[in-house]
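Listing of entry-v9.cif; format and content: mmCIF, C-alpha atoms and all ligand atoms.
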```
data_upload
loop_
_atom_site.label_atom_id
_atom_site.label_comp_id
_atom_site.auth_asym_id
_atom_site.auth_seq_id
_atom_site.Cartn_x
_atom_site.Cartn_y
_atom_site.Cartn_z
CA MET A 1 19.77 -15.41 16.64
CA LYS A 2 21.73 -12.28 15.79
CA ILE A 3 19.77 -9.72 13.80
CA ALA A 4 20.86 -6.36 12.36
CA VAL A 5 18.31 -3.71 11.40
CA CYS A 6 19.53 -1.56 8.49
CA GLY A 7 18.18 0.91 5.93
CA LYS A 8 18.24 4.47 4.66
CA GLY A 9 18.17 7.34 7.17
CA GLY A 10 14.80 7.89 8.83
CA VAL A 11 13.02 4.83 7.39
CA GLY A 12 12.13 3.48 10.84
CA LYS A 13 15.11 1.30 11.82
CA SER A 14 15.12 2.27 15.51
CA THR A 15 11.32 2.05 15.76
CA ILE A 16 11.26 -1.43 14.24
CA ALA A 17 14.33 -2.57 16.23
CA ALA A 18 12.65 -1.47 19.49
CA LEU A 19 9.29 -3.04 18.59
CA LEU A 20 11.07 -6.26 17.58
CA CYS A 21 12.90 -6.37 20.94
CA GLU A 22 9.58 -6.03 22.77
CA ALA A 23 7.94 -8.68 20.57
CA LEU A 24 10.79 -11.15 21.15
CA LEU A 25 10.55 -10.51 24.92
CA GLU A 26 6.84 -11.22 24.72
CA LYS A 27 7.64 -14.51 23.02
CA GLY A 28 9.91 -15.52 25.87
CA PHE A 29 13.30 -14.55 24.46
CA GLN A 30 16.12 -12.97 26.42
CA VAL A 31 17.10 -10.00 24.28
CA LEU A 32 20.32 -8.04 23.96
CA ALA A 33 19.65 -4.79 22.08
CA ILE A 34 22.71 -2.99 20.69
CA ASP A 35 22.40 0.63 19.59
CA ALA A 36 25.08 1.00 16.92
CA ASP A 37 23.91 4.42 15.78
CA PRO A 38 26.35 7.21 16.68
CA SER A 39 23.39 9.28 17.84
CA PRO A 40 21.63 6.63 19.93
CA HIS A 41 17.87 6.64 20.61
CA LEU A 42 17.16 3.04 21.42
CA ALA A 43 17.43 3.51 25.20
CA ARG A 44 14.58 6.03 25.14
CA LEU A 45 12.45 3.89 22.82
CA LEU A 46 12.96 0.90 25.14
CA GLY A 47 12.17 2.95 28.24
CA PHE A 48 15.61 3.04 29.87
CA ALA A 49 16.28 6.13 31.93
CA GLU A 50 19.85 7.19 32.70
CA ALA A 51 21.14 5.93 29.36
CA GLU A 52 24.17 8.20 29.70
CA LYS A 53 25.46 6.07 32.60
CA VAL A 54 26.17 3.06 30.42
CA VAL A 55 29.75 2.55 29.25
CA PRO A 56 29.86 2.34 25.43
CA ILE A 57 30.98 -0.96 23.89
CA ALA A 58 33.76 0.93 22.13
CA GLU A 59 35.53 0.95 25.49
CA MET A 60 35.45 -2.83 25.52
CA LYS A 61 38.21 -2.84 22.90
CA ASP A 62 41.03 -3.52 25.35
CA LEU A 63 39.01 -6.20 27.12
CA LEU A 64 38.41 -8.01 23.87
CA ALA A 65 42.02 -7.65 22.77
CA ALA A 66 43.36 -8.93 26.10
CA ARG A 67 40.75 -11.66 26.30
CA ALA A 68 43.07 -14.52 25.45
CA GLU A 69 45.59 -13.71 28.19
CA LYS A 70 43.27 -13.26 31.16
CA ASP A 71 41.12 -15.37 33.45
CA GLY A 72 37.49 -14.84 34.35
CA PRO A 73 34.25 -15.51 32.56
CA PHE A 74 34.43 -12.62 30.13
CA TYR A 75 37.74 -13.90 28.81
CA SER A 76 36.41 -17.30 27.91
CA LEU A 77 36.76 -17.97 24.23
CA ASN A 78 33.09 -17.50 23.46
CA PRO A 79 31.48 -15.33 26.14
CA LYS A 80 27.77 -15.71 26.76
CA VAL A 81 25.54 -12.67 27.13
CA ASP A 82 25.57 -13.21 30.91
CA ASP A 83 29.39 -13.03 30.95
CA LEU A 84 29.46 -9.48 29.63
CA PRO A 85 30.42 -6.97 32.34
CA GLU A 86 27.43 -5.11 33.79
CA LYS A 87 28.89 -1.65 33.36
CA PHE A 88 28.42 -2.00 29.60
CA MET A 89 24.68 -2.52 29.83
CA LEU A 90 21.34 -1.32 31.05
CA GLU A 91 19.04 -4.10 32.14
CA ARG A 92 15.43 -4.93 32.96
CA ASP A 93 13.56 -8.24 32.95
CA GLY A 94 14.88 -10.23 30.03
CA LEU A 95 16.21 -7.17 28.18
CA LYS A 96 19.75 -5.81 28.08
CA LEU A 97 20.86 -2.74 26.14
CA MET A 98 24.37 -1.88 25.02
CA VAL A 99 25.42 1.29 23.23
CA LEU A 100 28.21 1.17 20.66
CA GLY A 101 29.84 4.54 20.99
CA ALA A 102 29.59 7.97 22.47
CA VAL A 103 27.90 10.65 20.39
CA ARG A 104 30.38 11.93 17.82
CA GLU A 105 31.02 15.62 17.31
CA ALA A 106 30.46 17.08 13.86
CA GLY A 107 33.55 16.23 11.81
CA GLY A 108 34.67 13.92 14.61
CA GLY A 109 35.90 11.30 12.21
CA CYS A 110 34.80 7.81 11.39
CA ALA A 111 33.51 5.14 13.71
CA CYS A 112 35.92 2.47 12.47
CA PRO A 113 37.30 1.45 15.88
CA GLU A 114 33.77 1.12 17.29
CA GLN A 115 32.72 -0.97 14.30
CA THR A 116 35.70 -3.26 14.79
CA VAL A 117 34.77 -3.82 18.43
CA LEU A 118 31.16 -4.50 17.46
CA ARG A 119 32.17 -7.02 14.83
CA ARG A 120 34.47 -8.81 17.25
CA LEU A 121 31.85 -8.88 19.98
CA LEU A 122 29.15 -10.16 17.62
CA SER A 123 31.34 -12.92 16.29
CA LEU A 124 32.57 -14.08 19.73
CA LEU A 125 29.24 -13.93 21.52
CA LEU A 126 27.74 -17.37 21.97
CA LEU A 127 23.94 -17.36 22.17
CA GLN A 128 21.73 -19.93 23.87
CA SER A 129 18.46 -20.86 22.23
CA LYS A 130 15.76 -18.33 23.14
CA GLU A 131 18.38 -15.58 23.17
CA ALA A 132 18.39 -12.86 20.53
CA VAL A 133 20.67 -9.95 19.71
CA VAL A 134 19.06 -7.04 17.85
CA VAL A 135 21.43 -4.40 16.46
CA ASP A 136 20.06 -1.00 15.42
CA MET A 137 22.56 -0.01 12.72
CA GLU A 138 23.73 3.38 11.54
CA ALA A 139 21.80 4.67 8.52
CA GLY A 140 22.97 3.95 5.01
CA VAL A 141 25.57 1.60 3.59
CA GLU A 142 28.86 2.79 5.08
CA HIS A 143 29.13 0.23 7.89
CA PHE A 144 28.74 -2.61 5.43
CA GLY A 145 32.05 -1.67 3.90
CA ARG A 146 33.55 -2.42 7.27
CA ALA A 147 31.95 -5.86 7.29
CA THR A 148 30.38 -5.30 10.70
CA VAL A 149 27.54 -7.58 9.81
CA SER A 150 29.64 -10.58 8.84
CA ALA A 151 28.76 -12.32 12.14
CA ILE A 152 25.03 -11.69 11.81
CA ASP A 153 22.39 -14.39 11.14
CA ALA A 154 19.90 -12.08 9.47
CA VAL A 155 19.93 -8.55 8.11
CA LEU A 156 16.57 -6.80 8.09
CA VAL A 157 16.51 -4.04 5.50
CA VAL A 158 13.80 -1.54 6.42
CA VAL A 159 12.30 0.05 3.34
CA GLN A 160 9.50 2.50 2.63
CA PRO A 161 7.53 2.54 -0.62
CA TYR A 162 9.48 5.31 -2.36
CA ARG A 163 12.37 5.06 -4.81
CA GLY A 164 15.11 6.62 -2.68
CA SER A 165 14.51 4.17 0.14
CA ILE A 166 14.22 1.25 -2.26
CA GLU A 167 17.53 2.04 -4.01
CA THR A 168 19.40 2.15 -0.69
CA ALA A 169 17.64 -1.02 0.46
CA LYS A 170 18.69 -2.92 -2.67
CA GLN A 171 22.26 -1.70 -2.27
CA ILE A 172 22.34 -2.85 1.37
CA ALA A 173 20.82 -6.23 0.47
CA ARG A 174 23.47 -6.75 -2.25
CA MET A 175 26.28 -5.88 0.14
CA ALA A 176 24.90 -8.15 2.84
CA GLU A 177 24.76 -11.00 0.34
CA ASP A 178 28.33 -10.27 -0.76
CA LEU A 179 29.34 -10.52 2.89
CA ARG A 180 27.60 -13.91 3.00
CA VAL A 181 25.02 -12.91 5.58
CA PRO A 182 22.93 -16.10 5.49
CA ASN A 183 19.52 -14.36 5.56
CA VAL A 184 18.60 -10.97 4.15
CA TYR A 185 14.97 -9.83 4.47
CA PHE A 186 13.18 -6.65 3.46
CA VAL A 187 10.80 -5.20 6.04
CA GLY A 188 8.30 -2.63 4.77
CA ASN A 189 7.48 0.45 6.81
CA LEU A 190 4.73 3.05 6.38
CA VAL A 191 3.03 0.68 3.97
CA ALA A 192 -0.53 2.01 3.69
CA SER A 193 -2.19 -0.06 0.98
CA GLN A 194 -1.99 -3.09 -1.27
CA GLU A 195 -0.71 -0.70 -3.94
CA ASP A 196 2.22 0.24 -1.66
CA GLU A 197 2.90 -3.43 -0.96
CA ASP A 198 2.82 -4.31 -4.67
CA PHE A 199 5.06 -1.36 -5.56
CA LEU A 200 7.62 -2.51 -2.97
CA SER A 201 7.52 -6.13 -4.11
CA ARG A 202 7.87 -5.16 -7.76
CA GLU A 203 10.74 -2.73 -7.26
CA LEU A 204 12.61 -4.89 -4.74
CA GLY A 205 12.10 -8.08 -6.72
CA ALA A 206 10.97 -9.78 -3.49
CA ARG A 207 8.09 -9.48 -1.07
CA PRO A 208 8.85 -7.85 2.28
CA LEU A 209 8.91 -10.44 5.06
CA VAL A 210 6.51 -8.24 7.04
CA SER A 211 5.18 -4.73 6.44
CA PHE A 212 4.49 -2.16 9.14
CA PRO A 213 1.63 0.29 8.61
CA ARG A 214 1.78 3.91 9.70
CA ASP A 215 0.68 3.77 13.33
CA GLU A 216 -0.41 7.02 15.02
CA GLU A 217 0.21 5.47 18.43
CA ILE A 218 3.94 5.09 17.61
CA LEU A 219 4.17 8.76 16.64
CA ARG A 220 2.36 9.80 19.80
CA LEU A 221 4.57 7.68 22.09
CA GLU A 222 7.70 8.98 20.35
CA ARG A 223 6.60 12.59 20.70
CA GLN A 224 5.82 12.12 24.38
CA GLY A 225 9.15 10.38 24.97
CA LEU A 226 7.35 7.20 26.08
CA PRO A 227 8.65 3.66 25.48
CA LEU A 228 7.33 1.79 22.44
CA GLY A 229 6.64 -1.22 24.69
CA GLU A 230 3.40 0.56 25.58
CA ALA A 231 2.15 0.26 21.98
CA ARG A 232 -0.93 -1.93 21.53
CA GLY A 233 -1.85 -1.11 17.94
CA PRO A 234 -1.01 -2.36 14.43
CA ALA A 235 2.76 -1.71 14.64
CA ARG A 236 2.99 -4.02 17.66
CA ALA A 237 1.00 -6.66 15.78
CA ALA A 238 3.41 -6.38 12.83
CA ALA A 239 6.38 -6.70 15.21
CA LEU A 240 4.92 -9.89 16.73
CA LYS A 241 4.50 -11.29 13.23
CA LEU A 242 8.10 -10.33 12.41
CA ALA A 243 9.36 -12.06 15.56
CA GLU A 244 7.38 -15.15 14.63
CA GLU A 245 8.68 -15.23 11.04
CA LEU A 246 12.27 -14.80 12.22
CA THR A 247 11.91 -17.52 14.84
CA LYS A 248 10.46 -19.86 12.25
CA ARG A 249 13.21 -19.15 9.73
CA LEU A 250 16.24 -18.86 12.01
CA GLN A 251 15.41 -21.21 14.86
CA ASN A 252 13.12 -23.75 13.21
CA GLY A 253 10.23 -22.50 15.30
CA THR A 254 11.84 -23.20 18.69
N1 LIG B 301 5.23 2.57 11.42
C1 LIG B 301 5.34 3.82 11.89
N2 LIG B 301 4.23 4.54 12.19
C2 LIG B 301 4.31 5.79 12.64
N3 LIG B 301 5.46 6.45 12.82
C3 LIG B 301 6.61 5.81 12.52
C4 LIG B 301 6.61 4.47 12.05
N4 LIG B 301 7.90 4.09 11.83
C5 LIG B 301 8.66 5.15 12.17
N5 LIG B 301 7.90 6.19 12.59
C6 LIG B 301 8.36 7.52 13.02
O1 LIG B 301 9.28 7.99 12.04
C7 LIG B 301 10.36 8.68 12.65
C8 LIG B 301 11.69 8.05 12.24
O2 LIG B 301 11.75 6.74 12.74
P1 LIG B 301 13.09 6.10 13.31
O3 LIG B 301 13.77 7.02 14.25
O4 LIG B 301 12.75 4.74 13.80
O5 LIG B 301 13.95 5.99 11.97
P2 LIG B 301 15.47 5.57 11.79
O6 LIG B 301 15.55 4.82 10.52
O7 LIG B 301 15.94 4.87 13.02
O8 LIG B 301 16.17 6.99 11.67
P3 LIG B 301 17.75 7.30 11.71
O9 LIG B 301 18.28 6.95 10.35
O10 LIG B 301 17.81 8.76 12.00
O11 LIG B 301 18.34 6.44 12.80
C9 LIG B 301 10.09 8.63 14.16
O12 LIG B 301 9.47 9.82 14.54
C10 LIG B 301 9.14 7.45 14.32
O13 LIG B 301 8.31 7.63 15.45
MG MG B 302 17.61 5.27 14.27
#
```

Just give me the structure as structure tokens.
Ligand SMILES: Nc1ncnc2c1ncn2[C@@H]1O[C@H](COP(=O)(O)OP(=O)(O)OP(=O)(O)O)[C@@H](O)[C@H]1O
Ligand SMILES: [Mg+2]
Amino acid sequence: MKIAVCGKGGVGKSTIAALLCEALLEKGFQVLAIDADPSPHLARLLGFAEAEKVVPIAEMKDLLAARAEKDGPFYSLNPKVDDLPEKFMLERDGLKLMVLGAVREAGGGCACPEQTVLRRLLSLLLLQSKEAVVVDMEAGVEHFGRATVSAIDAVLVVVQPYRGSIETAKQIARMAEDLRVPNVYFVGNLVASQEDEDFLSRELGARPLVSFPRDEEILRLERQGLPLGEARGPARAAALKLAEELTKRLQNGT
């Protein structure tokens, strides 16, 4: 299953993407995490040191373009995760991480070429069962205009119980539906009470698939620069539930 995590800036996309990767690993999945944010943090949250050594996917452009004319596993029509060249990824048991692009300078222009490469990669990549791709998207709605998510099985729209976040979430959900993403789910974050949950459901017009509470342990790990895989509290429990719901919905429970 190919999953994109979207939402307004700062709502918890990277946190939830990282926790979801760990939860899927725990459930026996092989996971490819893709950090599509131009200022990437996923490597740190997943506990990869030396993140700067990885070659960004953006540099895969020529490989993908030349794919049809060359030999070798990567050039097969639908590469598997294992066919992707190692220089583009960091790896530990069952988990691979790719980074979309290098950090952009202020005023450094748009990420269109990177987004094109990402879309092409996502649509070509052939997944086995028990393999998952989790993409941590750039904040906001801009990338949807570029149809990056058209090859995605499910968009998770992370939303907090306040109006600004909800408006962006609804906009993203509409765009994802326009792009015919087959499954669009809201995921609540920093949901503290039944009142928060009811407010979200009412304003979104749908219940969040899963809601994450505020979890002090997540804040502490983030502040200490420690991987979120060490979390044992309520956010981890919510991530396991999210992984289970997604498996049930996207893979018929397999
Ligand atoms: N459930 C939670 N409990 C406690 N802290 C959280 C929770 N979710 C997110 N945070 C904290 O909120 C901050 C922002 O989270 P995060 O970086 O995941 O957001 P983001 O949506 O990826 O932001 P950006 O748009 O900048 O990429 C981080 O410090 C993170 O540790
Ligand atoms: Mg982020």

As a quick test: using only C-alpha atoms and all ligand atoms, which residues lie no more than 6 Å away from ligand LIG 301 (chain B)? Give them as a PDB file with C-alpha atoms, in the coordinates of the input.
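Wrote out_6.pdb, looks like this:
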```pdb
ATOM      1  CA  GLY A   9      18.170   7.340   7.170  1.00  0.00           C
ATOM      2  CA  GLY A  10      14.800   7.890   8.830  1.00  0.00           C
ATOM      3  CA  VAL A  11      13.020   4.830   7.390  1.00  0.00           C
ATOM      4  CA  GLY A  12      12.130   3.480  10.840  1.00  0.00           C
ATOM      5  CA  LYS A  13      15.110   1.300  11.820  1.00  0.00           C
ATOM      6  CA  SER A  14      15.120   2.270  15.510  1.00  0.00           C
ATOM      7  CA  THR A  15      11.320   2.050  15.760  1.00  0.00           C
ATOM      8  CA  ALA A 139      21.800   4.670   8.520  1.00  0.00           C
ATOM      9  CA  ASN A 189       7.480   0.450   6.810  1.00  0.00           C
ATOM     10  CA  LEU A 190       4.730   3.050   6.380  1.00  0.00           C
ATOM     11  CA  PHE A 212       4.490  -2.160   9.140  1.00  0.00           C
ATOM     12  CA  PRO A 213       1.630   0.290   8.610  1.00  0.00           C
ATOM     13  CA  ARG A 214       1.780   3.910   9.700  1.00  0.00           C
ATOM     14  CA  ASP A 215       0.680   3.770  13.330  1.00  0.00           C
ATOM     15  CA  GLU A 216      -0.410   7.020  15.020  1.00  0.00           C
ATOM     16  CA  ILE A 218       3.940   5.090  17.610  1.00  0.00           C
ATOM     17  CA  LEU A 219       4.170   8.760  16.640  1.00  0.00           C
ATOM     18  CA  GLU A 222       7.700   8.980  20.350  1.00  0.00           C
ATOM     19  CA  ALA A 235       2.760  -1.710  14.640  1.00  0.00           C
TER      20      ALA A 235
END
```

Show me which residues line ligand MG 302 (chain B), defined as having an atom within 12 Å of a ligand atom where only C-alpha atoms and all ligand atoms count, and present them as a PDB file with C-alpha atoms, in the frame of the given file.
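Heads up, here's the output in part37.pdb:
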```
ATOM      1  CA  VAL A   5      18.310  -3.710  11.400  1.00  0.00           C
ATOM      2  CA  CYS A   6      19.530  -1.560   8.490  1.00  0.00           C
ATOM      3  CA  GLY A   7      18.180   0.910   5.930  1.00  0.00           C
ATOM      4  CA  LYS A   8      18.240   4.470   4.660  1.00  0.00           C
ATOM      5  CA  GLY A   9      18.170   7.340   7.170  1.00  0.00           C
ATOM      6  CA  GLY A  10      14.800   7.890   8.830  1.00  0.00           C
ATOM      7  CA  VAL A  11      13.020   4.830   7.390  1.00  0.00           C
ATOM      8  CA  GLY A  12      12.130   3.480  10.840  1.00  0.00           C
ATOM      9  CA  LYS A  13      15.110   1.300  11.820  1.00  0.00           C
ATOM     10  CA  SER A  14      15.120   2.270  15.510  1.00  0.00           C
ATOM     11  CA  THR A  15      11.320   2.050  15.760  1.00  0.00           C
ATOM     12  CA  ILE A  16      11.260  -1.430  14.240  1.00  0.00           C
ATOM     13  CA  ALA A  17      14.330  -2.570  16.230  1.00  0.00           C
ATOM     14  CA  ALA A  18      12.650  -1.470  19.490  1.00  0.00           C
ATOM     15  CA  ILE A  34      22.710  -2.990  20.690  1.00  0.00           C
ATOM     16  CA  ASP A  35      22.400   0.630  19.590  1.00  0.00           C
ATOM     17  CA  ALA A  36      25.080   1.000  16.920  1.00  0.00           C
ATOM     18  CA  ASP A  37      23.910   4.420  15.780  1.00  0.00           C
ATOM     19  CA  PRO A  38      26.350   7.210  16.680  1.00  0.00           C
ATOM     20  CA  SER A  39      23.390   9.280  17.840  1.00  0.00           C
ATOM     21  CA  PRO A  40      21.630   6.630  19.930  1.00  0.00           C
ATOM     22  CA  HIS A  41      17.870   6.640  20.610  1.00  0.00           C
ATOM     23  CA  LEU A  42      17.160   3.040  21.420  1.00  0.00           C
ATOM     24  CA  ALA A  43      17.430   3.510  25.200  1.00  0.00           C
ATOM     25  CA  ARG A  44      14.580   6.030  25.140  1.00  0.00           C
ATOM     26  CA  LEU A  45      12.450   3.890  22.820  1.00  0.00           C
ATOM     27  CA  VAL A 135      21.430  -4.400  16.460  1.00  0.00           C
ATOM     28  CA  ASP A 136      20.060  -1.000  15.420  1.00  0.00           C
ATOM     29  CA  MET A 137      22.560  -0.010  12.720  1.00  0.00           C
ATOM     30  CA  GLU A 138      23.730   3.380  11.540  1.00  0.00           C
ATOM     31  CA  ALA A 139      21.800   4.670   8.520  1.00  0.00           C
ATOM     32  CA  GLY A 140      22.970   3.950   5.010  1.00  0.00           C
ATOM     33  CA  VAL A 158      13.800  -1.540   6.420  1.00  0.00           C
TER      34      VAL A 158
END
```

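Here CA of Val159 (chain A) is placed at a distance of 18.3 Å from CA of Val181 (chain A).
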
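You can rank A:Val31, A:Val141, A:Leu90, A:Cys21 by their closest distance to Ser129 (chain A) using all atoms listed in the file, and at the top of that list sits A:Val31.
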
(message) Can you pull out the residues contacting Gln171 (chain A)? Cut-off 12 Å, using all atoms listed in the file, and skip same-chain residues under 4 positions away; I want them as a PyMOL selection string.
(response) chain A and resi 6-8+140-142+144-145+157+159+164-167+175-178+184+186+204

(request) Tell me, in Å to one decimal, how far CA of Glu52 (chain A) is from CA of Leu100 (chain A). (result) 12.1 Å

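We find CA of Gln30 (chain A) and CA of Val134 (chain A) to be spaced 10.8 Å apart.
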
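Among the candidate residues A:Leu250, A:Met1, A:Ala206, A:Leu25, the one lying nearest to Ser123 (chain A) is A:Met1, with distances computed using all atoms listed in the file.
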
(request) Could you check which of A:Gln224, A:Gln115, A:Val55, A:Val210 is closest to Ala243 (chain A), using only C-alpha atoms? (result) A:Val210

(request) Identify the residues within 9 Å of coordinate (15.9, -11.6, 12.9) (same frame as the file), considering only C-alpha atoms, and give the answer as a VMD selection string. (result) chain A and resid 1 to 5 20 132 to 134 153 to 156 183 185 242 to 243 245 to 247 249 to 250

(message) Nearest residue to Val54 (chain A) out of A:Glu91, A:Ser193, A:Leu19, A:Pro79, using only C-alpha atoms?
(response) A:Glu91

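For the choices A:Pro161, A:Gly94, A:Gly47, A:Pro208, the atom-to-atom distance to Leu228 (chain A) is smallest for A:Gly47 when using all atoms listed in the file.
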
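Between Lys241 (chain A) and the candidates A:Thr116, A:Ser211, A:Glu131, A:Val99, the tightest atom-to-atom separation, counting all atoms listed in the file, involves A:Ser211.
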